[in-house]
Amino acid sequence: MKILLVDDEVELVSAMAERLSLRGMDADWTDSGEKALAMAKTCRYDLAVLDMKMPKLSGLELKHKLTTLCPDMKFIFLSGHGSESDFKAGCAEATCYLIKPVRLEELIAKIDEAGR
Amino acid sequence: MAMIDRFKPKFWDTDNAVSPGRSLFNYRRIWRLAILLLTVVTLVPLLVLTFIDYNVTRYSLESENLMRTARTTSNTRRTVAYFLNSRDKALEFVANQNGVDSLRNPATLKGILDSMKHSFGGFVDLGLIDSTGRQVAYIGPYQLLGRDYSGQEWLANTLTRGSYTSDVFLGYRDVPHLIIAQRITDARTGKDYVLRATLDTAQFNAILSAIDLPGQGDAFIVNHHGVIQTPSRHRGAIFSHVDLPIPAYSEITSVQQETDRHGMEYTVGYAYIEGTPFILLVLKKTSELMKPWETVRMELLWMLVVSIAVILMVIVGVATYMVDKIYLADQTRARALHQMEHTNRMASIGRLAAGVAHEINNPLAIINEKAGLIKDLFRFKEEYSHDERLLANVDSIIASVERCGRITKRLLGFARHIDVHVEPIRFKHLAEEVISFLHKEAEYRSITILMDIPEDLPDFISDRGKLQQIFLNLVNNAFQAMSDGGHIAITAHQAGGDTLTFEVKDDGCGIPEADRKRIFDPFFSTKKKTGGTGLGLSITYGLVQELGGSMSVESTVGKGTTFTITMPIKATPSEARKNEDTVG
């Protein structure tokens, strides 16, 4: 399973990708929506873990664009924010909605759940 | 005291202390002003009208009494005047008809006296006196023939004026009597004689005593010097001086108010009897005459007293009712305003908390991942995997991050529930959530929190954020009421088919009976000096009502307080609609 991690916090997303890789998962990462779209065009990802709040392209918009590119792609949202509307939209449109900071084990469990 | 408490209107004990925006809340002043104004505008016209009516009625009664007395006096005067006049005229007739020669004859004189006694009555004797004053003929019960009357005033008066009526006097006989006399000129000699008759006063008195005079009424005759001539019931013996002023001569009857030496007021009718030395006096006690007035006055007074009592009762009742209504309206308004304010404040705090949580969450997530990565590296690269101390340190970092994460998540959760949203609620979770905010304080103060919430308690539909606030407020209150080492019990059970009852019970200081009625009123606080706003319970009460529930309190001073909240399992339709409107 190929995973794409998108978050504007490079330090966070890179560390997370590395930790997933250490556990034998194939995880790519990027820090913006545009780059993520470009990567999705060249490579097929099964699952995307997106930050809800990013500059320019938000997590939800990116999800819509990625869905048009790869209709089968699954999504998990991450957010440091807990507003009602974000929470509702995130829950409705993705497999799950996790609030930062997240335990890696929990994320892996959710990834496995999405992959099934 | 209990009676006073029962009738005391709700607004009575309002705290009138001036605080910002509360200048309008002096209900007792409004109440007093309303009563005063209403009383003045209703009672003043009533009193003025009563006063006018009082005077008019008294005046009309008084004038009626004066008129009645005047009429009695006039009638009696006529009767007395007729009595004397008819006898006088009879004597004149006898004198003119018979002539001196005939009258000198005792037989003729006796015949005349008998006829007069028979026809008129009241005649006692009859005598003829020559101009020197010697009685030349006499018929009567006494031996008066040849008696000399010369020098007596009456004789001179008769000879000059032609006719004379005397005062009543005792004379030689020692019996009250009066005389009437008539001058006769002898046609033969041209000498003047006087025909004199004595009248018995008994008949005269009978006329006066026959007058119907109520109560202390009195009718008698005095002469021009005020000497009583006929028996009086109350004004003294015959021939004594009457103790009333005698008015100046007048042809018509007059009525006056007089006061005697005892201070008693009398209505006195006076009438001079023409051609005689007599004045008729008719006396009536003014108080007797005014007796009907007393009745009218009492009725008027009663009417006034009863009217004033009824008016005052109605005014006080209406004013109390209205001010109570204003008070209740003001209370509701104040509660609504402050609830709104509170909601806004909570929303601001919520947003602030969410902002802070969000800002912290991102770096926290980085720390989390980096620490996680370090741990992974150690573990996967085998190099440091046996360095327990290092791994323990990393674990400690990760545990601390998790702890921070829990706090920020709770803050975010709290902020999320500020928005109105009805959802199924499991009370156990809600209670735990609320307690989680306070468990640190509870630990520091050794307060034991007991929760007795049955596992099978049904979920209920309500607003999570509002419920959180309600229970947070109640538990906070309980904390403030307790000293360290106290106990709080939160219990829940299903009451009836569609309501749930929750109780928050503490063993703190309790609430005195006097305060218990008012603890849900806005601004009621016993902790004003230490910064209490008096809004906490008021807002809690408002929130419970907003969610369609009800709230009550039981308390014993020194033992503790129990707040009981009853909530419907399903939100009421209006409640649900309102919430949908807000969310939509």
# chains A, B, ... in the order shown; residues from 1 in each chain; ligands from 1

call {"tool": "residues_around", "arguments": {"residues": "segment 46-52 of chain B", "least_positions_apart": "4", "cutoff": "12 Å", "atoms": "only C-alpha atoms", "output": "PyMOL selection string"}}
result
chain B and resi 39-42+56-59+296-297+299-308+311

call {"tool": "residues_around", "arguments": {"residues": "segment 50-62 of chain A", "least_positions_apart": "4", "cutoff": "7 Å", "atoms": "only C-alpha atoms", "output": "list in words"}}
result
Leu5, Val6, Asp7, Asp8, Gly33, Leu66, Ile76, Phe77, Leu78 and Ser79 of chain A

call {"tool": "closest_atom_pairs", "arguments": {"of": "chain B", "to": "chain A", "cutoff": "12 Å", "atoms": "only C-alpha atoms", "output": "tab-separated table"}}
result
residue	atom	partner	partner_atom	distance
B:Gly350	CA	A:Ser83	CA	10.1
B:Arg351	CA	A:Ser83	CA	8.9
B:Leu352	CA	A:Ser83	CA	11.8
B:Ala353	CA	A:Gly82	CA	10.2
B:Ala354	CA	A:Gly82	CA	6.8
B:Gly355	CA	A:His81	CA	7.7
B:Val356	CA	A:His81	CA	9.5
B:Ala357	CA	A:His81	CA	7.4
B:His358	CA	A:Gly80	CA	4.8
B:Glu359	CA	A:Gly80	CA	7.5
B:Ile360	CA	A:Gly80	CA	8.1
B:Asn361	CA	A:Gly80	CA	5.2
B:Asn362	CA	A:Gly80	CA	6.0
B:Pro363	CA	A:Leu12	CA	8.5
B:Leu364	CA	A:Pro101	CA	6.1
B:Ala365	CA	A:Pro101	CA	4.2
B:Ile366	CA	A:Leu12	CA	4.7
B:Ile367	CA	A:Leu12	CA	8.1
B:Asn368	CA	A:Pro101	CA	6.6
B:Glu369	CA	A:Ala15	CA	5.8
B:Lys370	CA	A:Ala15	CA	6.0
B:Ala371	CA	A:Ala15	CA	9.2
B:Gly372	CA	A:Arg19	CA	7.5
B:Leu373	CA	A:Arg19	CA	5.7
B:Ile374	CA	A:Arg19	CA	9.2
B:Lys375	CA	A:Arg19	CA	9.5
B:Asp376	CA	A:Arg19	CA	6.7
B:Leu377	CA	A:Leu22	CA	8.2
B:Phe378	CA	A:Leu22	CA	11.1
B:Arg379	CA	A:Leu22	CA	9.9
B:Phe380	CA	A:Leu22	CA	7.3
B:Lys381	CA	A:Leu22	CA	9.8
B:Ile398	CA	A:Arg103	CA	9.0
B:Ala399	CA	A:Arg103	CA	10.2
B:Ser400	CA	A:Pro101	CA	11.3
B:Val401	CA	A:Pro101	CA	7.7
B:Glu402	CA	A:Pro101	CA	7.3
B:Arg403	CA	A:Pro101	CA	10.1
B:Cys404	CA	A:Pro101	CA	8.8
B:Gly405	CA	A:Pro101	CA	5.9
B:Arg406	CA	A:Pro101	CA	9.0
B:Ile407	CA	A:Pro101	CA	11.0
B:Thr408	CA	A:Gly80	CA	9.1
B:Lys409	CA	A:Ile99	CA	7.4
B:Arg410	CA	A:Gly82	CA	9.8
B:Leu411	CA	A:Gly82	CA	8.9
B:Leu412	CA	A:Gly82	CA	5.2
B:Gly413	CA	A:Gly82	CA	6.9
B:Phe414	CA	A:Gly82	CA	9.3
B:Ala415	CA	A:Ser83	CA	7.4
B:Arg416	CA	A:Glu84	CA	5.2
B:His417	CA	A:Glu84	CA	7.8
B:Ile418	CA	A:Glu84	CA	9.2
B:Asp419	CA	A:Glu84	CA	7.6
B:Val420	CA	A:Glu84	CA	10.2
B:His421	CA	A:Glu84	CA	9.8
B:Val583	CA	A:Ser85	CA	10.5
B:Gly584	CA	A:Ser85	CA	11.7

call {"tool": "closest_residue", "arguments": {"among": "B:Lys570, B:Arg28, B:Arg445, B:Arg518", "to": "Phe460 of chain B", "atoms": "only C-alpha atoms"}}
result
B:Lys570

call {"tool": "select_by_dssp", "arguments": {"residues": "segment 216-361 of chain B", "states": "helix (DSSP H, G or I)", "output": "number ranges by chain"}}
result
B: 286-289, 291-361

call {"tool": "residues_around", "arguments": {"residues": "segment 501-507 of chain B", "least_positions_apart": "4", "cutoff": "10 Å", "atoms": "only C-alpha atoms", "output": "JSON, numbers by chain"}}
result
{"B": [427, 449, 450, 451, 452, 453, 471, 474, 475, 477, 478, 479, 481, 482, 483, 485, 486, 487, 488, 489, 490, 491, 492, 493, 494, 495, 496, 549, 550, 551, 552, 553, 554, 555, 556, 557, 558, 559, 560, 561, 562, 563, 564, 565, 566, 567, 568, 569]}

call {"tool": "atom_distance", "arguments": {"atom1": "atom CA of Ser74 of chain B", "atom2": "atom CA of Ser166 of chain B"}}
result
21.8 Å

call {"tool": "atom_distance", "arguments": {"atom1": "atom CA of Asp192 of chain B", "atom2": "atom CA of Ala156 of chain B"}}
result
11.4 Å

call {"tool": "closest_residue", "arguments": {"among": "A:Met39, A:Leu107, A:Leu47, A:Leu98", "to": "Phe75 of chain A", "atoms": "only C-alpha atoms"}}
result
A:Leu47

call {"tool": "closest_residue", "arguments": {"among": "A:Asp31, A:Glu93, A:Glu106, A:Asp86", "to": "Thr67 of chain A", "atoms": "only C-alpha atoms"}}
result
A:Glu93

call {"tool": "residues_around", "arguments": {"residues": "Gly226 of chain B", "least_positions_apart": "2", "cutoff": "6 Å", "atoms": "only C-alpha atoms", "output": "CSV table (one decimal) with C-alpha atoms, in the first residue's frame"}}
result
chain,number,residue,atom,x,y,z
B,222,VAL,CA,-92.5,86.3,79.7
B,223,ASN,CA,-93.2,90.0,80.0
B,224,HIS,CA,-91.1,92.7,78.4
B,241,HIS,CA,-86.3,86.1,85.6
B,242,VAL,CA,-85.7,84.0,82.5

call {"tool": "residues_around", "arguments": {"residues": "Tyr45 of chain A", "least_positions_apart": "6", "cutoff": "8 Å", "atoms": "only C-alpha atoms", "output": "ChimeraX atom specification"}}
result
/A:1-4,73

call {"tool": "residues_around", "arguments": {"residues": "Glu288 of chain B", "least_positions_apart": "6", "cutoff": "10 Å", "atoms": "only C-alpha atoms", "output": "number ranges by chain"}}
result
B: 214-217, 265-267, 294

call {"tool": "atom_distance", "arguments": {"atom1": "atom CA of Gln256 of chain B", "atom2": "atom CA of Val168 of chain B"}}
result
25.7 Å

call {"tool": "closest_residue", "arguments": {"among": "A:Thr30, A:Val49, A:Pro71, A:Lys63", "to": "Ala89 of chain A", "atoms": "only C-alpha atoms"}}
result
A:Lys63

call {"tool": "select_by_dssp", "arguments": {"residues": "segment 45-115 of chain A", "states": "strand (DSSP E)", "output": "list in words"}}
result
Leu47, Ala48, Val49, Leu50, Asp51, Lys74, Phe75, Ile76, Phe77, Leu78, Ser79, Cys96, Tyr97, Leu98 and Ile99 of chain A

call {"tool": "decode", "arguments": {"residues": "chain A", "atoms": "C-alpha atoms", "output": "compact mmCIF listing (two decimals), in the first residue's frame"}}
result
# COMPACT_ATOMS: atom_id res chain seq x y z
CA MET A 1 0.00 0.00 0.00
CA LYS A 2 1.32 3.36 -1.05
CA ILE A 3 0.67 6.29 1.22
CA LEU A 4 0.92 10.02 0.58
CA LEU A 5 1.39 12.34 3.56
CA VAL A 6 0.60 16.03 3.06
CA ASP A 7 1.19 18.67 5.73
CA ASP A 8 2.61 22.19 5.61
CA GLU A 9 4.77 21.38 8.63
CA VAL A 10 7.78 19.76 6.97
CA GLU A 11 9.33 18.62 10.23
CA LEU A 12 6.21 16.81 11.21
CA VAL A 13 5.40 15.19 7.90
CA SER A 14 8.95 14.08 7.18
CA ALA A 15 9.35 12.48 10.60
CA MET A 16 6.01 10.77 10.28
CA ALA A 17 6.90 9.39 6.82
CA GLU A 18 10.21 8.12 8.09
CA ARG A 19 8.58 6.38 11.03
CA LEU A 20 6.06 4.71 8.72
CA SER A 21 8.88 3.63 6.41
CA LEU A 22 10.74 2.16 9.37
CA ARG A 23 7.65 0.00 9.91
CA GLY A 24 7.80 -1.18 6.32
CA MET A 25 5.19 1.09 4.86
CA ASP A 26 5.67 2.83 1.56
CA ALA A 27 5.10 6.45 2.48
CA ASP A 28 5.86 9.59 0.46
CA TRP A 29 5.47 13.07 1.87
CA THR A 30 5.15 16.65 0.66
CA ASP A 31 4.41 20.04 2.23
CA SER A 32 1.84 21.54 -0.13
CA GLY A 33 -1.30 20.68 -2.04
CA GLU A 34 0.15 21.55 -5.47
CA LYS A 35 3.13 19.26 -5.00
CA ALA A 36 0.84 16.51 -3.78
CA LEU A 37 -1.28 16.81 -6.93
CA ALA A 38 1.84 16.63 -9.08
CA MET A 39 3.01 13.52 -7.21
CA ALA A 40 -0.38 11.89 -7.52
CA LYS A 41 -0.25 12.35 -11.30
CA THR A 42 3.03 10.45 -11.56
CA CYS A 43 2.37 7.77 -9.02
CA ARG A 44 -0.66 5.86 -7.82
CA TYR A 45 -1.39 6.17 -4.09
CA ASP A 46 -3.85 4.04 -2.19
CA LEU A 47 -4.23 6.37 0.73
CA ALA A 48 -3.61 10.02 1.52
CA VAL A 49 -3.18 11.47 5.02
CA LEU A 50 -4.01 15.17 4.72
CA ASP A 51 -3.75 18.10 7.06
CA MET A 52 -7.06 19.99 7.15
CA LYS A 53 -5.57 23.45 7.35
CA MET A 54 -2.89 24.23 4.81
CA PRO A 55 -2.00 27.44 2.98
CA LYS A 56 -3.48 27.92 -0.52
CA LEU A 57 -5.07 24.49 -0.97
CA SER A 58 -6.90 23.22 2.08
CA GLY A 59 -7.16 19.57 3.00
CA LEU A 60 -10.76 19.33 1.82
CA GLU A 61 -10.06 20.96 -1.58
CA LEU A 62 -7.01 18.78 -2.09
CA LYS A 63 -9.09 15.73 -1.26
CA HIS A 64 -11.67 16.71 -3.93
CA LYS A 65 -8.94 17.21 -6.55
CA LEU A 66 -7.20 13.96 -5.66
CA THR A 67 -10.51 12.12 -5.86
CA THR A 68 -10.99 13.33 -9.44
CA LEU A 69 -7.47 12.09 -10.26
CA CYS A 70 -7.70 8.76 -8.46
CA PRO A 71 -11.29 7.87 -7.63
CA ASP A 72 -10.25 4.88 -5.49
CA MET A 73 -7.99 6.79 -3.19
CA LYS A 74 -8.82 6.64 0.58
CA PHE A 75 -8.32 9.57 2.92
CA ILE A 76 -7.48 10.26 6.55
CA PHE A 77 -7.64 13.82 7.87
CA LEU A 78 -5.34 15.23 10.49
CA SER A 79 -5.95 18.51 12.20
CA GLY A 80 -4.80 20.57 15.12
CA HIS A 81 -8.12 22.36 15.06
CA GLY A 82 -11.38 21.20 16.49
CA SER A 83 -14.04 23.44 14.99
CA GLU A 84 -17.43 21.87 14.60
CA SER A 85 -17.70 22.42 10.85
CA ASP A 86 -14.22 20.97 10.15
CA PHE A 87 -14.93 18.01 12.35
CA LYS A 88 -18.24 17.29 10.62
CA ALA A 89 -16.90 17.75 7.09
CA GLY A 90 -13.79 15.72 7.85
CA CYS A 91 -15.75 12.87 9.33
CA ALA A 92 -18.17 12.85 6.40
CA GLU A 93 -15.59 12.86 3.64
CA ALA A 94 -12.82 10.65 4.96
CA THR A 95 -12.28 7.37 6.69
CA CYS A 96 -11.49 9.21 9.84
CA TYR A 97 -10.55 12.52 11.39
CA LEU A 98 -7.69 12.59 13.87
CA ILE A 99 -6.62 15.44 16.06
CA LYS A 100 -2.91 16.21 16.49
CA PRO A 101 -0.81 15.13 18.25
CA VAL A 102 -1.58 11.61 17.20
CA ARG A 103 0.00 8.38 18.36
CA LEU A 104 1.63 6.60 15.47
CA GLU A 105 0.10 3.30 16.50
CA GLU A 106 -3.34 4.89 16.26
CA LEU A 107 -2.55 6.25 12.79
CA ILE A 108 -1.31 2.86 11.64
CA ALA A 109 -4.46 1.24 12.95
CA LYS A 110 -6.56 3.71 10.98
CA ILE A 111 -4.42 3.16 7.86
CA ASP A 112 -4.93 -0.58 8.16
CA GLU A 113 -8.64 -0.04 8.65
CA ALA A 114 -8.80 2.09 5.50
CA GLY A 115 -6.77 -0.39 3.53
CA ARG A 116 -9.13 -3.26 4.21
